[in-house]
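Raw contents of run-v7.tsv, TSV, C-alpha atoms:
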```
chain	number	residue	atom	x	y	z
A	1	MET	CA	50.31	-1.85	-22.12
A	2	LYS	CA	53.44	-2.63	-24.04
A	3	THR	CA	55.18	-5.89	-23.40
A	4	LYS	CA	58.55	-5.25	-21.78
A	5	LEU	CA	61.36	-6.73	-23.79
A	6	LEU	CA	63.59	-9.40	-22.35
A	7	THR	CA	61.47	-10.40	-19.36
A	8	LEU	CA	60.97	-14.13	-19.79
A	9	THR	CA	60.64	-16.16	-16.60
A	10	ALA	CA	62.26	-19.43	-17.65
A	11	VAL	CA	64.49	-20.94	-20.29
A	12	LEU	CA	61.59	-22.98	-21.70
A	13	ALA	CA	59.52	-19.87	-22.24
A	14	CYS	CA	62.47	-18.22	-23.95
A	15	ILE	CA	63.01	-21.21	-26.21
A	16	MET	CA	59.41	-20.95	-27.37
A	17	LEU	CA	60.15	-17.58	-28.96
A	18	THR	CA	62.33	-17.71	-32.04
A	19	ALA	CA	63.58	-14.19	-31.46
A	20	CYS	CA	63.28	-13.78	-27.73
A	21	SER	CA	65.02	-10.85	-26.17
A	22	SER	CA	67.33	-11.13	-23.19
A	23	LYS	CA	70.30	-9.52	-21.45
A	24	ASP	CA	72.79	-12.22	-22.34
A	25	ALA	CA	74.40	-10.31	-25.21
A	26	ILE	CA	75.29	-7.37	-22.97
A	27	SER	CA	75.77	-9.15	-19.64
A	28	GLY	CA	79.46	-9.91	-19.91
A	29	TYR	CA	79.78	-12.75	-22.40
A	30	SER	CA	82.95	-12.74	-24.43
A	31	SER	CA	84.78	-15.31	-26.52
A	32	GLY	CA	86.02	-18.18	-24.42
A	33	ASP	CA	83.38	-17.95	-21.70
A	34	VAL	CA	81.85	-21.16	-23.05
A	35	LYS	CA	83.63	-24.25	-24.35
A	36	LEU	CA	80.92	-25.59	-26.58
A	37	GLY	CA	80.09	-29.24	-26.87
A	38	GLN	CA	78.37	-30.57	-30.00
A	39	TYR	CA	75.76	-28.06	-31.14
A	40	LYS	CA	75.13	-29.18	-34.71
A	41	GLU	CA	73.26	-32.36	-35.60
A	42	VAL	CA	72.27	-32.90	-31.98
A	43	THR	CA	69.91	-35.86	-31.75
A	44	TYR	CA	66.51	-35.80	-30.11
A	45	VAL	CA	63.47	-38.05	-29.80
A	46	PRO	CA	60.63	-36.45	-31.79
A	47	GLU	CA	57.22	-36.22	-30.21
A	48	GLU	CA	54.45	-37.76	-32.26
A	49	VAL	CA	51.91	-35.24	-33.54
A	50	THR	CA	48.60	-37.00	-34.07
A	51	VAL	CA	45.07	-36.04	-33.12
A	52	THR	CA	42.57	-38.84	-32.57
A	53	ASP	CA	38.83	-38.77	-33.20
A	54	ASP	CA	38.30	-39.15	-29.45
A	55	GLU	CA	40.37	-36.03	-28.76
A	56	VAL	CA	38.36	-34.06	-31.29
A	57	ARG	CA	35.11	-35.29	-29.78
A	58	GLU	CA	36.25	-34.44	-26.24
A	59	GLU	CA	37.16	-30.92	-27.33
A	60	VAL	CA	33.81	-30.48	-29.12
A	61	ILE	CA	31.99	-31.53	-25.97
A	62	THR	CA	34.02	-29.18	-23.76
A	63	ARG	CA	33.90	-26.16	-26.03
A	64	LEU	CA	30.49	-26.40	-27.59
A	65	ILE	CA	28.10	-29.05	-26.34
A	66	ASP	CA	28.63	-28.63	-22.58
A	67	THR	CA	28.42	-24.84	-22.84
A	68	HIS	CA	24.99	-25.09	-24.48
A	69	LYS	CA	23.38	-27.52	-22.07
A	70	GLN	CA	19.98	-26.34	-20.87
A	71	ASN	CA	18.44	-26.61	-17.41
A	72	VAL	CA	15.24	-28.63	-17.45
A	73	ASP	CA	13.04	-29.03	-14.39
A	74	VAL	CA	12.91	-32.53	-12.90
A	75	GLU	CA	9.26	-33.39	-13.22
A	76	GLY	CA	7.49	-34.21	-9.97
A	77	LYS	CA	10.49	-33.59	-7.73
A	78	THR	CA	10.09	-31.01	-4.96
A	79	VAL	CA	12.58	-32.03	-2.22
A	80	VAL	CA	16.36	-31.63	-2.60
A	81	GLU	CA	18.55	-34.73	-2.39
A	82	ASN	CA	22.31	-35.18	-2.51
A	83	GLY	CA	23.54	-34.94	-6.11
A	84	ASP	CA	20.72	-32.69	-7.29
A	85	ILE	CA	21.33	-29.54	-9.30
A	86	ILE	CA	19.35	-26.66	-7.85
A	87	ILE	CA	18.64	-23.02	-8.66
A	88	CYS	CA	18.42	-21.05	-5.43
A	89	ASP	CA	18.91	-17.87	-3.44
A	90	TYR	CA	20.92	-17.79	-0.21
A	91	THR	CA	21.84	-15.17	2.38
A	92	GLY	CA	24.51	-15.61	5.04
A	93	TYR	CA	24.56	-14.05	8.49
A	94	ILE	CA	27.28	-13.74	11.13
A	95	ASP	CA	26.19	-12.45	14.54
A	96	GLY	CA	22.84	-11.61	12.96
A	97	GLU	CA	24.33	-9.40	10.27
A	98	GLN	CA	24.74	-10.15	6.57
A	99	PHE	CA	28.40	-10.43	5.60
A	100	GLN	CA	30.10	-9.47	2.36
A	101	GLY	CA	30.15	-12.23	-0.25
A	102	GLY	CA	27.66	-14.38	1.63
A	103	SER	CA	24.57	-13.76	-0.45
A	104	THR	CA	23.43	-14.32	-4.01
A	105	THR	CA	20.36	-14.99	-6.12
A	106	ASP	CA	19.63	-17.60	-8.79
A	107	ALA	CA	22.76	-19.55	-7.93
A	108	GLU	CA	23.22	-22.91	-9.62
A	109	ILE	CA	24.57	-25.47	-7.16
A	110	GLU	CA	25.29	-29.16	-7.55
A	111	VAL	CA	24.57	-30.48	-4.08
A	112	GLY	CA	27.45	-32.61	-2.82
A	113	ASN	CA	30.01	-31.15	-5.23
A	114	ALA	CA	32.34	-30.35	-2.29
A	115	SER	CA	33.48	-27.05	-3.78
A	116	TYR	CA	31.95	-25.07	-0.92
A	117	ILE	CA	32.78	-24.91	2.78
A	118	PRO	CA	31.94	-28.01	4.84
A	119	GLY	CA	28.27	-28.22	5.73
A	120	PHE	CA	27.04	-25.63	3.23
A	121	GLN	CA	25.78	-27.89	0.47
A	122	GLU	CA	24.58	-30.51	2.95
A	123	GLY	CA	22.34	-27.79	4.37
A	124	PHE	CA	20.25	-27.82	1.19
A	125	ILE	CA	19.37	-31.50	1.52
A	126	GLY	CA	15.72	-31.80	2.48
A	127	ALA	CA	14.83	-28.28	1.37
A	128	GLU	CA	11.51	-27.98	-0.46
A	129	ILE	CA	10.97	-25.87	-3.55
A	130	GLY	CA	9.53	-22.48	-2.55
A	131	VAL	CA	9.98	-23.04	1.20
A	132	GLU	CA	12.73	-21.10	3.01
A	133	LYS	CA	15.17	-23.21	4.98
A	134	GLU	CA	17.76	-22.18	7.56
A	135	PHE	CA	20.93	-23.97	8.62
A	136	ASP	CA	24.18	-23.27	10.46
A	137	VAL	CA	27.81	-23.75	9.34
A	138	THR	CA	31.24	-22.80	10.65
A	139	PHE	CA	33.82	-21.30	8.31
A	140	PRO	CA	37.15	-23.13	8.20
A	141	ASP	CA	40.23	-21.64	9.78
A	142	PRO	CA	42.26	-20.54	7.92
A	143	TYR	CA	39.88	-19.30	5.22
A	144	GLU	CA	41.94	-17.67	2.46
A	145	LEU	CA	38.99	-16.25	0.53
A	146	ASN	CA	38.00	-14.05	3.47
A	147	PRO	CA	40.32	-14.22	6.51
A	148	ASP	CA	37.98	-11.89	8.46
A	149	ILE	CA	35.37	-14.64	8.85
A	150	ALA	CA	37.76	-17.58	9.33
A	151	GLY	CA	36.56	-19.90	12.08
A	152	LYS	CA	33.31	-18.01	12.67
A	153	PRO	CA	29.85	-19.64	12.90
A	154	ALA	CA	27.30	-18.47	10.34
A	155	THR	CA	23.62	-18.97	9.53
A	156	PHE	CA	22.32	-19.30	5.99
A	157	LYS	CA	18.76	-18.76	4.86
A	158	VAL	CA	18.12	-20.48	1.54
A	159	LEU	CA	15.25	-20.64	-0.92
A	160	VAL	CA	15.25	-23.30	-3.65
A	161	HIS	CA	13.44	-22.28	-6.83
A	162	ARG	CA	14.06	-25.27	-9.07
A	163	ILE	CA	15.52	-28.77	-9.12
A	164	VAL	CA	16.91	-29.32	-12.60
A	165	THR	CA	18.79	-31.67	-14.83
A	166	LYS	CA	21.10	-30.79	-17.72
A	167	GLU	CA	19.71	-31.44	-21.18
A	168	THR	CA	22.48	-32.10	-23.71
A	169	PRO	CA	21.87	-30.66	-27.18
A	170	GLU	CA	22.09	-32.91	-30.22
A	171	TYR	CA	25.28	-32.36	-32.20
A	172	THR	CA	23.90	-31.62	-35.65
A	173	ASP	CA	24.68	-29.38	-38.61
A	174	GLU	CA	21.85	-27.10	-37.52
A	175	PHE	CA	23.22	-26.83	-33.98
A	176	VAL	CA	26.70	-26.04	-35.30
A	177	ALA	CA	25.38	-23.39	-37.69
A	178	GLU	CA	23.39	-21.71	-34.91
A	179	ASN	CA	26.22	-21.58	-32.40
A	180	THR	CA	29.46	-21.28	-34.38
A	181	GLU	CA	30.86	-19.64	-37.48
A	182	PHE	CA	30.79	-23.02	-39.24
A	183	LYS	CA	27.90	-24.58	-41.15
A	184	THR	CA	28.36	-28.31	-40.58
A	185	VAL	CA	29.59	-30.80	-38.03
A	186	GLU	CA	32.35	-31.84	-40.43
A	187	GLU	CA	33.59	-28.26	-40.82
A	188	TYR	CA	33.62	-27.70	-37.07
A	189	ASP	CA	35.37	-31.02	-36.40
A	190	ASN	CA	38.00	-30.20	-39.01
A	191	SER	CA	38.64	-26.80	-37.43
A	192	ILE	CA	39.10	-28.41	-34.01
A	193	ARG	CA	41.40	-31.06	-35.45
A	194	ALA	CA	43.53	-28.41	-37.19
A	195	GLU	CA	43.82	-26.35	-34.01
A	196	LEU	CA	44.71	-29.36	-31.86
A	197	THR	CA	47.29	-30.45	-34.43
A	198	GLU	CA	48.86	-26.99	-34.45
A	199	ASN	CA	48.99	-26.95	-30.65
A	200	LYS	CA	50.58	-30.39	-30.53
A	201	GLN	CA	53.10	-29.38	-33.19
A	202	GLU	CA	54.04	-26.27	-31.22
A	203	HIS	CA	54.47	-28.40	-28.11
A	204	ALA	CA	56.59	-30.91	-30.04
A	205	ASP	CA	58.76	-28.12	-31.47
A	206	THR	CA	59.25	-26.62	-28.02
A	207	LYS	CA	60.15	-29.98	-26.52
A	208	LYS	CA	62.60	-30.58	-29.37
A	209	LYS	CA	64.33	-27.26	-28.69
A	210	TYR	CA	64.40	-27.89	-24.96
A	211	ASP	CA	65.84	-31.40	-25.33
A	212	VAL	CA	68.44	-30.25	-27.86
A	213	PHE	CA	69.58	-27.34	-25.70
A	214	LEU	CA	69.72	-29.51	-22.62
A	215	LYS	CA	72.15	-31.80	-24.44
A	216	ILE	CA	74.26	-28.87	-25.59
A	217	ILE	CA	74.35	-27.36	-22.11
A	218	ARG	CA	75.35	-30.67	-20.53
A	219	SER	CA	78.13	-31.19	-23.04
A	220	SER	CA	79.52	-27.65	-22.73
A	221	GLU	CA	81.80	-26.08	-20.16
A	222	PHE	CA	80.96	-22.65	-18.74
A	223	ASP	CA	83.10	-20.02	-17.09
A	224	GLU	CA	81.08	-19.76	-13.88
A	225	GLN	CA	82.81	-16.55	-12.89
A	226	ALA	CA	81.87	-14.91	-16.19
A	227	MET	CA	78.24	-15.98	-15.81
A	228	ALA	CA	77.91	-15.06	-12.14
A	229	PRO	CA	76.97	-11.37	-12.57
A	230	PHE	CA	74.23	-12.26	-15.04
A	231	ILE	CA	72.90	-15.07	-12.84
A	232	ILE	CA	72.67	-12.72	-9.85
A	233	SER	CA	70.89	-9.99	-11.79
A	234	GLU	CA	68.63	-12.48	-13.58
A	235	ARG	CA	67.62	-14.12	-10.30
A	236	GLN	CA	66.64	-10.76	-8.86
A	237	ARG	CA	64.74	-9.85	-12.02
A	238	LEU	CA	62.80	-13.12	-11.94
A	239	ILE	CA	61.81	-12.54	-8.32
A	240	LEU	CA	60.73	-8.96	-8.95
A	241	GLN	CA	58.74	-9.98	-12.01
A	242	SER	CA	57.02	-12.83	-10.16
A	243	ASP	CA	56.29	-10.60	-7.17
A	244	SER	CA	54.68	-8.05	-9.48
A	245	GLN	CA	52.47	-10.67	-11.10
A	246	TYR	CA	51.30	-12.30	-7.87
A	247	GLN	CA	50.75	-8.94	-6.17
A	248	LYS	CA	48.58	-7.87	-9.09
A	249	PHE	CA	46.36	-10.95	-9.11
A	250	LEU	CA	46.53	-12.29	-5.55
A	251	GLY	CA	47.90	-9.48	-3.42
A	252	ILE	CA	50.86	-11.55	-2.23
A	253	ASP	CA	54.53	-11.90	-3.14
A	254	SER	CA	55.90	-14.91	-5.00
A	255	PHE	CA	57.47	-16.54	-1.91
A	256	THR	CA	54.09	-16.43	-0.15
A	257	TYR	CA	52.39	-17.88	-3.23
A	258	TYR	CA	54.80	-20.80	-3.53
A	259	ASN	CA	54.55	-21.47	0.20
A	260	GLN	CA	50.77	-21.24	0.60
A	261	TYR	CA	49.63	-22.69	-2.72
A	262	LEU	CA	52.41	-25.15	-3.55
A	263	GLY	CA	53.70	-25.96	-0.08
A	264	MET	CA	57.31	-24.99	-0.87
A	265	THR	CA	59.71	-23.90	1.86
A	266	VAL	CA	61.77	-20.72	1.60
A	267	ASP	CA	64.84	-22.81	0.80
A	268	GLU	CA	62.97	-24.63	-1.96
A	269	VAL	CA	61.78	-21.36	-3.48
A	270	ASN	CA	65.32	-19.99	-3.40
A	271	GLU	CA	66.60	-23.15	-5.07
A	272	TYR	CA	63.89	-22.78	-7.72
A	273	TYR	CA	64.92	-19.21	-8.58
A	274	ASP	CA	68.61	-20.16	-8.52
A	275	ALA	CA	67.95	-22.97	-11.00
A	276	LEU	CA	65.89	-20.76	-13.32
A	277	ALA	CA	68.52	-18.03	-13.38
A	278	LYS	CA	71.31	-20.54	-14.01
A	279	MET	CA	69.40	-22.24	-16.84
A	280	GLN	CA	68.66	-18.90	-18.45
A	281	ALA	CA	72.31	-17.91	-18.25
A	282	GLU	CA	73.48	-21.21	-19.75
A	283	TYR	CA	70.94	-20.99	-22.55
A	284	LEU	CA	71.87	-17.41	-23.46
A	285	PHE	CA	75.60	-18.00	-23.18
A	286	VAL	CA	75.29	-21.01	-25.50
A	287	LEU	CA	73.49	-18.90	-28.09
A	288	SER	CA	76.13	-16.19	-27.88
A	289	ALA	CA	78.92	-18.76	-28.09
A	290	VAL	CA	77.39	-20.38	-31.18
A	291	ALA	CA	76.96	-16.97	-32.83
A	292	ASP	CA	80.60	-16.29	-31.99
A	293	GLU	CA	81.82	-19.71	-33.20
A	294	GLU	CA	79.92	-19.41	-36.47
A	295	ASN	CA	80.99	-15.81	-36.93
A	296	ILE	CA	77.40	-14.81	-37.56
A	297	THR	CA	77.17	-11.34	-39.06
A	298	LEU	CA	74.23	-9.26	-40.16
A	299	THR	CA	73.67	-6.57	-42.76
A	300	ASP	CA	71.98	-3.31	-41.83
A	301	ALA	CA	68.93	-4.46	-43.78
A	302	GLU	CA	68.72	-7.68	-41.74
A	303	ILE	CA	69.05	-5.74	-38.48
A	304	ASP	CA	66.31	-3.34	-39.53
A	305	GLU	CA	64.06	-6.23	-40.53
A	306	PHE	CA	64.63	-7.95	-37.20
A	307	ALA	CA	63.97	-4.70	-35.32
A	308	GLU	CA	60.64	-4.37	-37.11
A	309	LYS	CA	59.66	-7.88	-36.00
A	310	MET	CA	60.65	-7.04	-32.44
A	311	ARG	CA	58.52	-3.89	-32.62
A	312	GLU	CA	55.49	-5.83	-33.81
A	313	ASN	CA	55.92	-8.66	-31.29
A	314	ASN	CA	56.26	-6.25	-28.37
A	315	GLY	CA	53.46	-3.86	-29.27
A	316	TYR	CA	55.40	-0.69	-30.00
A	317	GLU	CA	53.94	1.82	-32.42
A	318	THR	CA	57.31	3.02	-33.71
A	319	ILE	CA	60.89	1.79	-33.89
A	320	ASP	CA	62.08	4.95	-32.16
A	321	GLU	CA	59.81	4.24	-29.20
A	322	MET	CA	61.19	0.72	-28.87
A	323	TYR	CA	64.78	1.89	-29.27
A	324	SER	CA	64.26	4.47	-26.53
A	325	ASP	CA	63.12	1.76	-24.10
A	326	LEU	CA	65.98	-0.53	-25.08
A	327	SER	CA	68.55	2.19	-24.45
A	328	THR	CA	66.98	3.00	-21.09
A	329	ASN	CA	66.74	-0.62	-19.99
A	330	TYR	CA	70.26	-1.64	-20.95
A	331	GLY	CA	72.30	1.52	-20.98
A	332	GLN	CA	73.60	0.47	-24.39
A	333	PRO	CA	72.93	1.72	-27.91
A	334	ALA	CA	69.60	0.17	-28.92
A	335	LYS	CA	70.87	-1.01	-32.29
A	336	GLU	CA	73.58	-3.06	-30.58
A	337	VAL	CA	70.95	-4.75	-28.43
A	338	VAL	CA	68.86	-5.55	-31.51
A	339	THR	CA	71.93	-6.82	-33.35
A	340	SER	CA	72.91	-9.15	-30.54
A	341	GLN	CA	69.40	-10.53	-30.37
A	342	ALA	CA	69.29	-11.06	-34.12
A	343	LYS	CA	72.56	-12.99	-33.93
A	344	ASN	CA	71.16	-15.14	-31.13
A	345	SER	CA	68.09	-15.78	-33.25
A	346	LYS	CA	70.24	-16.99	-36.13
A	347	ALA	CA	72.21	-19.18	-33.75
A	348	LEU	CA	68.96	-20.68	-32.47
A	349	GLU	CA	67.82	-21.35	-36.02
A	350	LEU	CA	71.14	-23.03	-36.86
A	351	ILE	CA	70.97	-25.30	-33.82
A	352	THR	CA	67.36	-26.39	-34.31
A	353	SER	CA	67.50	-26.75	-38.10
A	354	THR	CA	70.46	-29.14	-37.95
A	355	ALA	CA	69.07	-31.24	-35.07
A	356	LEU	CA	68.52	-34.88	-36.06
A	357	PRO	CA	65.51	-36.95	-34.97
A	358	ILE	CA	66.15	-40.41	-33.60
A	359	GLN	CA	63.96	-42.79	-35.59
```
Would you encode the structure as structure tokens?
Amino acid sequence: MKTKLLTLTAVLACIMLTACSSKDAISGYSSGDVKLGQYKEVTYVPEEVTVTDDEVREEVITRLIDTHKQNVDVEGKTVVENGDIIICDYTGYIDGEQFQGGSTTDAEIEVGNASYIPGFQEGFIGAEIGVEKEFDVTFPDPYELNPDIAGKPATFKVLVHRIVTKETPEYTDEFVAENTEFKTVEEYDNSIRAELTENKQEHADTKKKYDVFLKIIRSSEFDEQAMAPFIISERQRLILQSDSQYQKFLGIDSFTYYNQYLGMTVDEVNEYYDALAKMQAEYLFVLSAVADEENITLTDAEIDEFAEKMRENNGYETIDEMYSDLSTNYGQPAKEVVTSQAKNSKALELITSTALPIQ
């Protein structure tokens, strides 16, 4: 599926893209809508970009060593105790009938982990290897994973096959060569260090842009009436986009998600969307105002080059296909949309390249 242009959910996400697309250039901005504060040589506190040996080691353990741990039987142990790791089968019954999602084979369970419903893991304590055990539990109410069985009593029949411990592999050149594309521990460590450094640098760059723009926004004056139509449409777009995402993955709308999973009230969710839409408007209006103030112009060659980058970034096979979508989405000539975005990109580059770190 092709990425839809200009559908970022927050100003921070937009800042992360050098040439992000948005509606700001065709949403009503005109000269004078923003009285810019200082936008060149804006100071910021740089974030240190260093990767320690401990961070590299932690990442190696998480990515490689932990994923290659082997189960080894605990010699002489036949009865399950709290804290044991077991390999088992279990089957759940409600009113004498098996229920969906209540059975599995060869499950690996760490008894006492508390990631299951109350009473389930405790039911394994005292079970003997190879001897079926039965115990009762009651599902919590509410039970979001399966509302149909919320609050109902259930019986589980379990059979423990093994009680095991995790054997950690030795981190050697041979181990690295067998399980990665690298030949030595040093090569693998260096690759992890380089990746972590790149990630930290990207985070530092994003924070720099965010901090710089926050200063510009706070020092600027905005024509609220001019921004209002964009804020209204952007708020609605953000809600629709969020609803689509949460419906796809969770089967609920965004307001339900924020309420059930984050404990936010309806008023708090509305305030959240209001703030996002306002920040997006301020960010985009600042870019347009800087492009206007600097009289940024583009040649046809520069516009075509920028359009090609937009095509690649958004997964279109041809420029014509992208232009068709742009015209449909905005009701404006596609080249004008691309031109406005290219100007905003140059404005963004000007702002960030002149920003001054505070030593």
If we draw a sphere of 12 Å around (61.9, -12.2, -10.7), which residues have at least one atom in it when counting only C-alpha atoms? Please report them as a PyMOL selection string. chain A and resi 7-10+231-246+253-255+269-270+272-274+276-277
Might you pull out every residue within 12 Å of Met322 (chain A), with only C-alpha atoms counted and same-chain residues fewer than 3 positions away left off, and present them as a compact mmCIF listing (two decimals) with C-alpha atoms, in the frame of the given file?
```txt
# COMPACT_ATOMS: atom_id res chain seq x y z
CA LYS A 2 53.44 -2.63 -24.04
CA THR A 3 55.18 -5.89 -23.40
CA LYS A 4 58.55 -5.25 -21.78
CA LEU A 5 61.36 -6.73 -23.79
CA ALA A 307 63.97 -4.70 -35.32
CA GLU A 308 60.64 -4.37 -37.11
CA LYS A 309 59.66 -7.88 -36.00
CA MET A 310 60.65 -7.04 -32.44
CA ARG A 311 58.52 -3.89 -32.62
CA GLU A 312 55.49 -5.83 -33.81
CA ASN A 313 55.92 -8.66 -31.29
CA ASN A 314 56.26 -6.25 -28.37
CA GLY A 315 53.46 -3.86 -29.27
CA TYR A 316 55.40 -0.69 -30.00
CA GLU A 317 53.94 1.82 -32.42
CA THR A 318 57.31 3.02 -33.71
CA ILE A 319 60.89 1.79 -33.89
CA ASP A 325 63.12 1.76 -24.10
CA LEU A 326 65.98 -0.53 -25.08
CA SER A 327 68.55 2.19 -24.45
CA THR A 328 66.98 3.00 -21.09
CA ASN A 329 66.74 -0.62 -19.99
CA PRO A 333 72.93 1.72 -27.91
CA ALA A 334 69.60 0.17 -28.92
CA LYS A 335 70.87 -1.01 -32.29
CA VAL A 337 70.95 -4.75 -28.43
CA VAL A 338 68.86 -5.55 -31.51
```
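The spacing separating CA of Val74 (chain A) from CA of Ser103 (chain A) amounts to 25.4 Å.
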Write out as a PyMOL selection string the residues lying within 7 Å of Lys157 (chain A), counting all atoms listed in the file and excluding same-chain residues fewer than 3 positions away. chain A and resi 90-92+132-135
Next, the residues of the selection above should be written as a compact mmCIF listing (two decimals), in the frame of the given file with C-alpha atoms.
```
# COMPACT_ATOMS: atom_id res chain seq x y z
CA TYR A 90 20.92 -17.79 -0.21
CA THR A 91 21.84 -15.17 2.38
CA GLY A 92 24.51 -15.61 5.04
CA GLU A 132 12.73 -21.10 3.01
CA LYS A 133 15.17 -23.21 4.98
CA GLU A 134 17.76 -22.18 7.56
CA PHE A 135 20.93 -23.97 8.62
```
Of the candidates A:Ala194, A:Val176, A:Val137, A:Val80, which one gets nearest to Val49 (chain A) if we count only C-alpha atoms?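 Closest to Val49 (chain A), using only C-alpha atoms: A:Ala194.
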Excluding Ser288 (chain A) and residues on its chain fewer than 4 positions from it, collect all residues at most 10 Å away from it, counting only C-alpha atoms, and give them as a ChimeraX atom specification. /A:24-25,29-31,33-34,282-284,292-294,296,340-341,343-345,347-348
Return the single residue from A:Ile65, A:Val45, A:Ile163, A:Val56 that is closest to Asn179 (chain A), with distances computed using all atoms listed in the file.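 Of the candidates, the smallest distance to Asn179 (chain A) is held by A:Ile65.
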In Å to one decimal, how far is CA of Val158 (chain A) from CA of Asp106 (chain A)?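 So the two atoms, CA of Asp106 (chain A) and CA of Val158 (chain A), lie 10.8 Å apart.
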Can you tell me, as a PyMOL selection string, what residues are no more than 12 Å from Glu128 (chain A) when counting only C-alpha atoms, ignoring any on the same chain fewer than 6 positions away? chain A and resi 77-81+86-88+134+158-163
For a quick check of understanding, using all atoms listed in the file, which of A:Thr105, A:Glu224, A:Leu145, A:Arg193 has the smallest distance to Glu55 (chain A)? A:Arg193
Nearest to Asp304 (chain A) among A:Ile358, A:Val51, A:Ile94, A:Ala342, with distances taken over all atoms listed in the file: which residue is it?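 So, comparing all the options, the nearest one is A:Ala342.
What separates CA of Ala289 (chain A) from CA of Ala301 (chain A) is a distance of 23.5 Å.
Across A:Thr50, A:Gln38, A:Pro169, A:Asp205, the tightest approach to Ser353 (chain A) is made by A:Asp205 when counting all atoms listed in the file.
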Do you know which residues are at most 8 Å from Val111 (chain A) counting all atoms listed in the file, after dropping those on the same chain fewer than 5 positions away, and could you put them as a ChimeraX atom specification? /A:81-86,121-122,124-125
Exercise on region 182-200 of chain A, axis-aligned box with 5 Å per side, report centre and edge lengths in Å to one decimal, as AutoDock Vina command-line options:
```
--center_x 39.2 --center_y -27.4 --center_z -35.8 --size_x 32.7 --size_y 18.8 --size_z 20.6
```
